[in-house]
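Structure data (CSV, C-alpha atoms and all ligand atoms) from final-v8.csv:
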```csv
chain,number,residue,atom,x,y,z
A,1372,VAL,CA,46.5,170.0,105.2
A,1373,ILE,CA,46.8,173.7,106.2
A,1374,LEU,CA,46.5,175.9,103.2
A,1375,PRO,CA,48.4,179.2,102.9
A,1376,ALA,CA,46.4,182.4,103.4
A,1377,PHE,CA,44.7,183.9,100.4
A,1378,GLU,CA,41.7,186.0,99.6
A,1379,TYR,CA,38.7,184.0,98.4
A,1380,VAL,CA,36.1,185.4,95.9
A,1381,ALA,CA,33.2,183.4,94.4
A,1382,PRO,CA,31.7,185.3,91.4
A,1383,ARG,CA,28.2,184.1,90.3
A,1384,THR,CA,28.6,185.1,86.7
A,1385,LEU,CA,31.2,184.6,84.0
A,1386,ALA,CA,31.4,188.4,83.4
A,1387,ASP,CA,32.2,188.9,87.1
A,1388,ALA,CA,34.8,186.2,87.1
A,1389,VAL,CA,36.5,187.7,84.0
A,1390,ARG,CA,36.4,191.1,85.6
A,1391,VAL,CA,38.1,189.9,88.8
A,1392,LEU,CA,40.8,188.0,86.9
A,1393,ALA,CA,41.6,191.0,84.8
A,1394,ALA,CA,41.7,193.3,87.8
A,1395,ARG,CA,43.8,191.0,90.1
A,1396,GLY,CA,46.5,190.0,87.5
A,1397,PRO,CA,48.7,187.0,87.6
A,1398,ASP,CA,48.5,186.6,91.4
A,1399,ALA,CA,44.9,185.4,91.0
A,1400,LYS,CA,44.2,181.7,90.6
A,1401,VAL,CA,41.0,180.1,89.3
A,1402,LEU,CA,39.4,177.3,91.4
A,1403,ALA,CA,37.0,174.9,89.7
A,1404,GLY,CA,36.7,171.4,91.2
A,1405,GLY,CA,39.8,171.8,93.3
A,1406,GLN,CA,41.1,168.3,92.7
A,1407,SER,CA,44.4,169.5,91.3
A,1408,LEU,CA,44.6,173.0,92.7
A,1409,LEU,CA,44.0,172.2,96.3
A,1410,PRO,CA,46.9,169.7,96.5
A,1411,LEU,CA,49.1,172.3,94.8
A,1412,LEU,CA,48.1,174.9,97.3
A,1413,GLY,CA,48.7,172.5,100.2
A,1414,LEU,CA,52.2,171.8,98.9
A,1415,ARG,CA,52.9,175.5,98.4
A,1416,VAL,CA,53.7,174.8,94.7
A,1417,VAL,CA,51.4,177.8,93.9
A,1418,ARG,CA,51.0,180.8,96.2
A,1419,PRO,CA,48.1,183.0,94.8
A,1420,THR,CA,47.0,186.1,96.7
A,1421,VAL,CA,43.5,185.6,95.6
A,1422,VAL,CA,41.5,182.4,94.6
A,1423,VAL,CA,38.6,183.0,92.2
A,1424,ASP,CA,36.2,180.1,92.8
A,1425,ILE,CA,34.2,179.7,89.5
A,1426,GLY,CA,32.4,176.6,90.9
A,1427,HIS,CA,29.2,178.6,91.5
A,1428,ILE,CA,28.7,179.8,87.9
A,1429,ASP,CA,26.0,177.2,87.2
A,1430,ALA,CA,25.7,178.5,83.6
A,1431,LEU,CA,29.0,176.8,82.8
A,1432,ARG,CA,27.8,173.3,83.7
A,1433,TYR,CA,26.0,171.7,80.8
A,1434,VAL,CA,26.2,169.2,77.9
A,1435,ARG,CA,24.0,169.9,74.8
A,1436,ALA,CA,23.9,168.9,71.2
A,1437,GLY,CA,24.1,171.6,68.6
A,1438,ASP,CA,24.3,171.4,64.8
A,1439,ALA,CA,26.8,168.5,64.3
A,1440,VAL,CA,28.7,169.6,67.5
A,1441,LEU,CA,28.5,168.7,71.1
A,1442,HIS,CA,28.8,171.7,73.5
A,1443,ILE,CA,30.3,170.9,76.9
A,1444,GLY,CA,30.4,173.7,79.6
A,1445,ALA,CA,33.8,174.0,81.3
A,1446,LEU,CA,32.3,173.2,84.7
A,1447,ALA,CA,30.8,169.9,83.6
A,1448,ARG,CA,32.2,167.4,86.0
A,1449,HIS,CA,33.9,164.2,85.0
A,1450,ARG,CA,30.9,162.3,86.5
A,1451,ASP,CA,28.3,164.3,84.6
A,1452,LEU,CA,30.1,163.3,81.3
A,1453,GLU,CA,30.5,159.7,82.3
A,1454,ARG,CA,26.8,159.4,83.0
A,1455,SER,CA,25.3,161.7,80.3
A,1456,PRO,CA,22.8,159.8,78.1
A,1457,LEU,CA,23.5,162.3,75.3
A,1458,ILE,CA,27.2,161.5,75.4
A,1459,GLN,CA,26.6,157.8,75.6
A,1460,ALA,CA,24.4,158.0,72.5
A,1461,THR,CA,26.6,160.3,70.4
A,1462,VAL,CA,30.2,160.3,71.5
A,1463,PRO,CA,30.6,157.2,73.8
A,1464,ILE,CA,34.4,157.4,73.8
A,1465,LEU,CA,34.0,160.5,76.1
A,1466,ALA,CA,32.1,158.4,78.7
A,1467,ASP,CA,34.7,155.6,78.4
A,1468,ALA,CA,37.5,158.1,79.1
A,1469,ALA,CA,35.7,159.8,81.9
A,1470,ARG,CA,35.2,156.5,83.7
A,1471,LEU,CA,39.0,156.0,83.9
A,1472,ILE,CA,39.7,159.3,85.7
A,1473,GLY,CA,40.8,158.8,89.3
A,1474,HIS,CA,38.1,157.5,91.7
A,1475,THR,CA,34.4,158.3,92.0
A,1476,HIS,CA,34.9,161.2,94.6
A,1477,ILE,CA,37.4,162.9,92.3
A,1478,ARG,CA,35.1,162.5,89.3
A,1479,ASN,CA,32.2,163.9,91.4
A,1480,ARG,CA,34.2,167.2,91.9
A,1481,GLY,CA,36.7,167.5,89.1
A,1482,THR,CA,35.7,169.4,85.9
A,1483,ILE,CA,36.6,169.0,82.2
A,1484,GLY,CA,37.8,172.6,82.0
A,1485,GLY,CA,40.0,172.2,85.1
A,1486,SER,CA,41.6,169.1,83.6
A,1487,LEU,CA,42.4,170.9,80.4
A,1488,ALA,CA,43.7,174.0,82.2
A,1489,HIS,CA,45.9,171.8,84.4
A,1490,ALA,CA,47.3,170.0,81.3
A,1491,ASP,CA,48.6,166.9,83.1
A,1492,PRO,CA,50.3,164.8,80.4
A,1493,ALA,CA,48.6,161.6,81.8
A,1494,ALA,CA,45.1,163.1,81.9
A,1495,GLU,CA,42.4,161.4,79.8
A,1496,TRP,CA,40.5,164.5,78.5
A,1497,PRO,CA,43.3,166.0,76.4
A,1498,ALA,CA,44.1,162.7,74.6
A,1499,VAL,CA,40.5,161.8,73.8
A,1500,LEU,CA,39.5,165.4,72.8
A,1501,LEU,CA,42.6,165.6,70.5
A,1502,ALA,CA,41.4,162.4,68.8
A,1503,LEU,CA,38.0,163.8,68.3
A,1504,GLY,CA,39.3,167.1,66.8
A,1505,ALA,CA,37.6,169.1,69.6
A,1506,THR,CA,38.2,172.8,70.2
A,1507,VAL,CA,38.2,174.9,73.3
A,1508,VAL,CA,36.5,178.3,73.8
A,1509,VAL,CA,38.5,180.6,76.0
A,1510,THR,CA,36.9,183.8,77.4
A,1511,GLY,CA,38.8,186.9,78.5
A,1512,PRO,CA,38.2,190.6,79.0
A,1513,HIS,CA,38.3,191.1,75.2
A,1514,GLY,CA,35.9,188.4,74.3
A,1515,GLU,CA,36.2,184.8,73.2
A,1516,ARG,CA,38.7,182.8,71.1
A,1517,GLU,CA,38.4,179.2,70.0
A,1518,LEU,CA,41.5,177.0,69.7
A,1519,ALA,CA,42.4,173.4,69.0
A,1520,ILE,CA,43.4,171.2,71.9
A,1521,ASP,CA,47.1,171.1,70.7
A,1522,ARG,CA,47.1,174.9,70.6
A,1523,LEU,CA,45.8,175.0,74.2
A,1524,ILE,CA,48.1,172.4,75.7
A,1525,ILE,CA,51.6,173.2,74.7
A,1526,GLY,CA,53.7,171.3,77.3
A,1527,PRO,CA,53.5,169.3,80.6
A,1528,LEU,CA,51.3,171.4,83.0
A,1529,THR,CA,51.6,174.2,80.5
A,1530,THR,CA,48.8,175.9,78.4
A,1531,SER,CA,48.6,179.0,76.1
A,1532,LEU,CA,46.0,180.5,78.5
A,1533,GLU,CA,46.6,184.1,79.6
A,1534,HIS,CA,46.2,184.7,83.3
A,1535,HIS,CA,43.0,186.6,82.7
A,1536,GLU,CA,41.4,184.0,80.5
A,1537,LEU,CA,39.0,181.2,81.4
A,1538,ILE,CA,38.2,178.0,79.5
A,1539,THR,CA,34.4,178.3,79.1
A,1540,GLU,CA,33.3,175.6,76.6
A,1541,ILE,CA,34.6,172.5,74.8
A,1542,ARG,CA,33.2,171.8,71.3
A,1543,VAL,CA,33.3,168.3,70.0
A,1544,PRO,CA,32.4,167.6,66.4
A,1545,LEU,CA,30.0,164.7,66.4
A,1546,PRO,CA,31.6,161.7,64.9
A,1547,ALA,CA,29.5,160.0,62.1
A,1548,ILE,CA,26.8,157.6,63.2
A,1549,GLY,CA,28.3,154.1,63.1
A,1550,HIS,CA,31.8,155.2,63.9
A,1551,GLY,CA,34.1,152.9,65.9
A,1552,TRP,CA,36.0,154.0,69.0
A,1553,ALA,CA,38.2,152.7,71.8
A,1554,PHE,CA,40.0,154.4,74.7
A,1555,HIS,CA,42.4,152.1,76.4
A,1556,GLU,CA,45.0,152.9,79.2
A,1557,PHE,CA,47.4,151.2,81.5
A,1558,SER,CA,48.0,152.3,85.1
A,1559,THR,CA,49.8,150.4,87.8
A,1560,ARG,CA,46.7,150.5,90.1
A,1561,SER,CA,43.0,151.2,89.4
A,1562,GLY,CA,42.4,154.9,89.7
A,1563,ASP,CA,46.0,155.9,89.3
A,1564,PHE,CA,47.1,158.3,86.5
A,1565,ALA,CA,47.9,156.2,83.5
A,1566,LEU,CA,51.4,155.4,82.3
A,1567,ALA,CA,50.0,155.6,78.8
A,1568,SER,CA,46.7,155.7,76.9
A,1569,ALA,CA,45.5,155.2,73.4
A,1570,ALA,CA,42.4,156.8,71.8
A,1571,VAL,CA,41.3,155.5,68.4
A,1572,ILE,CA,38.3,156.7,66.3
A,1573,VAL,CA,37.3,155.0,63.0
A,1574,THR,CA,34.9,156.7,60.7
A,1575,THR,CA,33.6,155.7,57.3
A,1576,GLY,CA,32.8,158.6,54.9
A,1577,ARG,CA,29.9,158.7,52.4
A,1578,SER,CA,32.3,157.4,49.6
A,1579,GLY,CA,33.1,154.4,51.8
A,1580,ALA,CA,36.6,155.7,52.6
A,1581,ARG,CA,37.8,154.9,56.1
A,1582,GLU,CA,39.6,157.4,58.3
A,1583,THR,CA,41.3,156.2,61.4
A,1584,ARG,CA,42.7,158.6,64.0
A,1585,ILE,CA,45.2,157.4,66.6
A,1586,VAL,CA,46.2,159.5,69.6
A,1587,VAL,CA,48.6,158.5,72.4
A,1588,GLY,CA,48.4,160.1,75.8
A,1589,GLY,CA,50.4,159.9,79.0
A,1590,ALA,CA,53.6,158.6,77.5
A,1591,GLY,CA,55.2,161.9,76.7
A,1592,PRO,CA,54.9,165.6,77.5
A,1593,THR,CA,51.6,166.1,75.7
A,1594,PRO,CA,49.2,163.8,73.9
A,1595,SER,CA,50.1,163.3,70.3
A,1596,ARG,CA,48.4,162.1,67.1
A,1597,CYS,CA,50.4,159.4,65.3
A,1598,PRO,CA,50.3,160.3,61.6
A,1599,SER,CA,52.9,157.8,60.5
A,1600,ALA,CA,51.1,154.9,62.3
A,1601,GLU,CA,47.8,156.0,60.7
A,1602,SER,CA,49.4,155.9,57.2
A,1603,MET,CA,50.6,152.3,57.8
A,1604,LEU,CA,47.2,150.8,58.7
A,1605,ASP,CA,47.1,148.9,55.4
A,1606,ARG,CA,50.0,146.8,56.8
A,1607,GLY,CA,47.8,145.7,59.7
A,1608,ASN,CA,47.1,146.8,63.3
A,1609,GLY,CA,50.4,145.2,64.6
A,1610,ALA,CA,52.6,147.2,62.2
A,1611,ALA,CA,50.7,150.5,62.9
A,1612,ALA,CA,50.9,149.9,66.6
A,1613,ARG,CA,54.7,149.3,66.4
A,1614,GLU,CA,55.0,152.5,64.4
A,1615,ALA,CA,53.0,154.5,67.0
A,1616,ALA,CA,55.3,153.3,69.7
A,1617,ARG,CA,58.3,154.4,67.6
A,1618,GLU,CA,57.0,157.8,66.5
A,1619,ILE,CA,55.8,159.2,69.9
A,1620,GLU,CA,57.9,161.0,72.4
A,1621,ALA,CA,58.3,158.8,75.5
A,1622,ASP,CA,59.3,160.1,78.9
A,1623,ASP,CA,61.9,158.3,81.1
A,1624,ASP,CA,61.0,158.9,84.7
A,1625,HIS,CA,60.6,157.4,88.2
A,1626,LEU,CA,57.3,155.7,87.1
A,1627,ALA,CA,58.5,154.0,83.9
A,1628,SER,CA,61.4,153.9,81.5
A,1629,ALA,CA,60.9,155.3,78.0
A,1630,SER,CA,61.3,151.8,76.5
A,1631,TYR,CA,58.7,150.3,78.8
A,1632,ARG,CA,56.3,153.1,77.9
A,1633,ARG,CA,56.8,152.4,74.2
A,1634,ARG,CA,56.1,148.7,74.8
A,1635,ILE,CA,52.8,149.7,76.7
A,1636,VAL,CA,51.9,152.1,73.9
A,1637,GLU,CA,52.3,149.3,71.2
A,1638,VAL,CA,49.9,147.0,73.1
A,1639,LEU,CA,47.4,149.7,73.9
A,1640,VAL,CA,47.3,151.0,70.3
A,1641,ARG,CA,47.0,147.5,68.8
A,1642,ASP,CA,44.2,146.5,71.1
A,1643,ALA,CA,42.4,149.9,70.7
A,1644,LEU,CA,42.6,149.6,66.9
A,1645,ALA,CA,41.1,146.1,67.0
A,1646,ALA,CA,38.3,147.2,69.4
A,1647,ALA,CA,37.4,150.3,67.3
A,1648,SER,CA,37.4,148.4,64.0
A,1649,THR,CA,35.1,145.8,65.5
A,1650,ARG,CA,32.7,148.4,66.7
A,1651,ALA,CA,32.8,150.2,63.3
A,1652,ALA,CA,32.2,146.8,61.5
A,1653,ALA,CA,29.3,145.9,63.8
A,1654,ALA,CA,27.7,149.3,63.2
A,1655,GLY,CA,28.1,148.8,59.4
A,1656,SER,CA,26.5,145.4,59.5
A,1657,GLU,CA,23.6,146.7,61.6
A,1658,ALA,CA,23.1,149.5,59.0
A,1659,GLY,CA,23.2,147.0,56.2
A,1660,ALA,CA,20.8,144.5,57.9
B,1,LIG,C1,44.0,161.2,93.8
B,1,LIG,C2,43.8,161.9,92.4
B,1,LIG,C3,43.8,161.1,91.3
B,1,LIG,C4,43.5,161.7,90.1
B,1,LIG,N1,43.5,161.0,88.9
B,1,LIG,C5,43.3,161.5,87.7
B,1,LIG,C6,43.3,160.7,86.6
B,1,LIG,O1,43.5,159.5,86.6
B,1,LIG,N2,43.1,161.4,85.4
B,1,LIG,C7,42.9,162.7,85.3
B,1,LIG,O2,42.8,163.3,84.2
B,1,LIG,N3,42.9,163.5,86.4
B,1,LIG,C8,43.1,162.9,87.6
B,1,LIG,N4,43.1,163.7,88.7
B,1,LIG,C9,42.9,165.2,88.6
B,1,LIG,C10,41.4,165.5,88.4
B,1,LIG,O3,40.9,165.0,87.2
B,1,LIG,C11,41.1,167.0,88.4
B,1,LIG,O4,39.7,167.1,88.5
B,1,LIG,C12,41.5,167.8,87.2
B,1,LIG,O5,42.8,167.6,86.9
B,1,LIG,C13,41.3,169.3,87.5
B,1,LIG,O6,40.0,169.7,87.5
B,1,LIG,P1,39.4,170.6,88.7
B,1,LIG,O7,38.1,171.0,88.2
B,1,LIG,O8,39.5,169.8,89.9
B,1,LIG,O9,40.4,171.8,88.6
B,1,LIG,P2,41.1,172.6,89.8
B,1,LIG,O10,41.9,171.7,90.6
B,1,LIG,O11,40.1,173.5,90.5
B,1,LIG,O12,42.1,173.5,88.9
B,1,LIG,C14,43.1,173.0,88.2
B,1,LIG,C15,43.9,174.0,87.4
B,1,LIG,O13,43.1,174.5,86.4
B,1,LIG,C16,42.8,175.9,86.5
B,1,LIG,N5,41.4,176.1,86.1
B,1,LIG,C17,40.4,175.3,86.5
B,1,LIG,N6,39.3,175.6,85.7
B,1,LIG,C18,39.6,176.5,84.8
B,1,LIG,C19,39.0,177.2,83.8
B,1,LIG,N7,37.7,176.9,83.5
B,1,LIG,N8,39.6,178.1,83.0
B,1,LIG,C20,40.9,178.3,83.3
B,1,LIG,N9,41.6,177.7,84.3
B,1,LIG,C21,41.0,176.8,85.0
B,1,LIG,C22,43.1,176.2,88.0
B,1,LIG,O14,43.5,177.6,88.1
B,1,LIG,C23,44.2,175.3,88.3
B,1,LIG,O15,45.4,175.8,87.8
B,1,LIG,C24,43.3,163.1,90.0
B,1,LIG,C25,43.3,163.9,91.1
B,1,LIG,C26,43.5,163.3,92.4
B,1,LIG,C27,43.5,164.2,93.6
```

Is it possible to express this structure as structure tokens?
Ligand SMILES: Cc1cc2nc3c(=O)[nH]c(=O)nc-3n(C[C@H](O)[C@H](O)[C@H](O)COP(=O)(O)OP(=O)(O)OC[C@H]3O[C@@H](n4cnc5c(N)ncnc54)[C@H](O)[C@@H]3O)c2cc1C
Amino acid sequence: VILPAFEYVAPRTLADAVRVLAARGPDAKVLAGGQSLLPLLGLRVVRPTVVVDIGHIDALRYVRAGDAVLHIGALARHRDLERSPLIQATVPILADAARLIGHTHIRNRGTIGGSLAHADPAAEWPAVLLALGATVVVTGPHGERELAIDRLIIGPLTTSLEHHELITEIRVPLPAIGHGWAFHEFSTRSGDFALASAAVIVTTGRSGARETRIVVGGAGPTPSRCPSAESMLDRGNGAAAREAAREIEADDDHLASASYRRRIVEVLVRDALAAASTRAAAAGSEAGA
């Protein structure tokens, strides 16, 4: 692929990257893992005059536990997160979702910050992070702001980022020990973008009250939580899954009809609810043993 001509800069610090972005305005484009941007450059869908490669800012590639929160640097690669022992021990749904992104060579290069900024409706990170109630730290010339996933991703391939802002960190509230989780998706071939996905988190509070969060990704323009389905869980997983399939927005496109997507969502949500409940129950019985 022959890329169009552009100026290339590779700042080594976050401060330098922010300075370049502020100075060069909307004609600058950030490059992280390049797994979405390079194809877009090749197709001339985007024509920046300058590409700001943040991939050398090593300080943005980390995973660490804080006080009840997991901090993930924007340049952490999908593969880092898939293999992180800290993630497997504390928020295993993140590792499960990472494993489903594309193929190994894409996961070796692609970053979590790049995936969120790209905002592909079928991407795994937005759906799973929405289910976990994660927030995103965005840094610009005037400092930092922190916003929820559904404030960042506002449409297909559309975010609320300003051109001079960078995603710098993702903050994931640590789910309670003994929580149940499941991330299920359906794609036509292994490694393809999913036609739909379902993320379920089941937590039990100190009082014994159960909270179940259901998020559907891939089916519509953005991932969405399913409050109506969550409120129907007392009628069983099947009824809640049918309600999730009804309440989401489902796209009708060359990949699948809206009704087919709804049918997939129903099956994914039903199975994910069962798997997450089984894990939560197993953790409960271990705690009681
Ligand atoms: C064949 C193939 C299959 C794929 N399958 C999947 C899949 O199944 N699921 C999935 O989720 N993804 C998939 N991807 C996309 C992949 O996950 C990308 O890694 C990801 O979407 C973008 O991450 P990146 O680091 O490569 O970002 P880049 O491609 O470098 O950048 C993507 C966009 O984000 C912006 N950007 C990057 N980092 C930042 C930042 N920190 N702050 C602000 N803006 C930023 C860039 O300017 C650009 O607009 C696939 C890609 C390919 C080529």

Which chains and residue numbers are within 7 Å of ligand LIG 1 (chain B), counting all atoms listed in the file, if I want them as a PDB file with C-alpha atoms, keeping the file's coordinate frame?
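Contents of selection17.pdb, as written:
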```
ATOM      1  CA  LYS A1400      44.200 181.700  90.600  1.00  0.00           C
ATOM      2  CA  VAL A1401      41.000 180.100  89.300  1.00  0.00           C
ATOM      3  CA  LEU A1402      39.400 177.300  91.400  1.00  0.00           C
ATOM      4  CA  ALA A1403      37.000 174.900  89.700  1.00  0.00           C
ATOM      5  CA  GLY A1404      36.700 171.400  91.200  1.00  0.00           C
ATOM      6  CA  GLY A1405      39.800 171.800  93.300  1.00  0.00           C
ATOM      7  CA  GLN A1406      41.100 168.300  92.700  1.00  0.00           C
ATOM      8  CA  SER A1407      44.400 169.500  91.300  1.00  0.00           C
ATOM      9  CA  LEU A1408      44.600 173.000  92.700  1.00  0.00           C
ATOM     10  CA  LEU A1409      44.000 172.200  96.300  1.00  0.00           C
ATOM     11  CA  ALA A1445      33.800 174.000  81.300  1.00  0.00           C
ATOM     12  CA  LEU A1446      32.300 173.200  84.700  1.00  0.00           C
ATOM     13  CA  LEU A1471      39.000 156.000  83.900  1.00  0.00           C
ATOM     14  CA  ILE A1472      39.700 159.300  85.700  1.00  0.00           C
ATOM     15  CA  GLY A1473      40.800 158.800  89.300  1.00  0.00           C
ATOM     16  CA  HIS A1474      38.100 157.500  91.700  1.00  0.00           C
ATOM     17  CA  ILE A1477      37.400 162.900  92.300  1.00  0.00           C
ATOM     18  CA  ARG A1478      35.100 162.500  89.300  1.00  0.00           C
ATOM     19  CA  ARG A1480      34.200 167.200  91.900  1.00  0.00           C
ATOM     20  CA  GLY A1481      36.700 167.500  89.100  1.00  0.00           C
ATOM     21  CA  THR A1482      35.700 169.400  85.900  1.00  0.00           C
ATOM     22  CA  ILE A1483      36.600 169.000  82.200  1.00  0.00           C
ATOM     23  CA  GLY A1484      37.800 172.600  82.000  1.00  0.00           C
ATOM     24  CA  GLY A1485      40.000 172.200  85.100  1.00  0.00           C
ATOM     25  CA  SER A1486      41.600 169.100  83.600  1.00  0.00           C
ATOM     26  CA  ALA A1488      43.700 174.000  82.200  1.00  0.00           C
ATOM     27  CA  HIS A1489      45.900 171.800  84.400  1.00  0.00           C
ATOM     28  CA  ASP A1491      48.600 166.900  83.100  1.00  0.00           C
ATOM     29  CA  ALA A1493      48.600 161.600  81.800  1.00  0.00           C
ATOM     30  CA  ALA A1494      45.100 163.100  81.900  1.00  0.00           C
ATOM     31  CA  GLU A1495      42.400 161.400  79.800  1.00  0.00           C
ATOM     32  CA  TRP A1496      40.500 164.500  78.500  1.00  0.00           C
ATOM     33  CA  GLU A1536      41.400 184.000  80.500  1.00  0.00           C
ATOM     34  CA  LEU A1537      39.000 181.200  81.400  1.00  0.00           C
ATOM     35  CA  ILE A1538      38.200 178.000  79.500  1.00  0.00           C
ATOM     36  CA  THR A1539      34.400 178.300  79.100  1.00  0.00           C
ATOM     37  CA  GLY A1562      42.400 154.900  89.700  1.00  0.00           C
ATOM     38  CA  ASP A1563      46.000 155.900  89.300  1.00  0.00           C
ATOM     39  CA  PHE A1564      47.100 158.300  86.500  1.00  0.00           C
ATOM     40  CA  ALA A1565      47.900 156.200  83.500  1.00  0.00           C
TER      41      ALA A1565
END
```

Between atom CA of Leu1503 of chain A and atom CA of Ala1553 of chain A, what is the spacing in Å?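 Spanning atom CA of Ala1553 of chain A to atom CA of Leu1503 of chain A is a straight-line distance of 11.6 Å.
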
Could you check how far atom CA of Val1422 of chain A sits from atom CA of Ser1531 of chain A, in Å to one decimal?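 For atom CA of Val1422 of chain A relative to atom CA of Ser1531 of chain A, the distance reads 20.1 Å.
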
Figure out the distance between atom CA of Arg1470 of chain A and atom CA of Thr1506 of chain A, please, to one decimal in Å.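 So the answer is 21.4 Å.
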
Contact residues around segment 1607-1619 of chain A with all atoms listed in the file at 8 Å, ignoring same-chain residues under 4 positions, as a list in words: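 In the requested form, the answer reads Val1587, Ala1590, Gly1591, Ser1595, Cys1597, Ser1599, Ala1600, Glu1601, Ser1602, Met1603, Arg1633, Arg1634, Val1636, Glu1637, Val1638, Val1640, Arg1641, Leu1644 and Ala1645 of chain A.
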
Using all atoms listed in the file: which of A:Ile1548, A:Leu1604, A:Leu1566, A:Ala1468 has the shortest distance to Arg1650 of chain A: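 With all atoms listed in the file as the atom set, the closest residue is A:Ile1548.
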
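Closest approach to His1555 of chain A among A:Val1509, A:Leu1639, A:Ile1572, A:Leu1441 is made by A:Leu1639 (distances from all atoms listed in the file).
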
As a PyMOL selection string, please: the residues near Tyr1379 of chain A (cut-off 9 Å, only C-alpha atoms, same-chain neighbours under 3 positions excluded). chain A and resi 1420-1424

Counting only C-alpha atoms, the option among A:Pro1594, A:Pro1527, A:Gly1413, A:Gly1437 closest to Thr1461 of chain A: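 Among the listed residues, the smallest separation from Thr1461 of chain A belongs to A:Gly1437.
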
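Across A:Leu1414, A:Leu1431, A:Ile1458, A:Ile1464, the tightest approach to Thr1384 of chain A is made by A:Leu1431 when counting only C-alpha atoms.
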
Choose the residue, out of A:Gly1426, A:Pro1512, A:Gly1504, A:Pro1492, that has the smallest atom-to-atom separation from Ala1567 of chain A; count all atoms listed in the file.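 The shortest atom-to-atom distance to Ala1567 of chain A comes from A:Pro1492.
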
Distance query segment 1386-1397 of chain A at most 7 Å, only C-alpha atoms, self and fewer than 4 positions along chain excluded, as a PyMOL selection string: chain A and resi 1382+1425+1511-1512+1534-1535

Which residue is closest to His1550 of chain A? Choose from A:Val1508, A:Leu1523, A:Ala1647, A:Leu1374 and count only C-alpha atoms.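 Looking only at the distances to His1550 of chain A, the closest residue turns out to be A:Ala1647.
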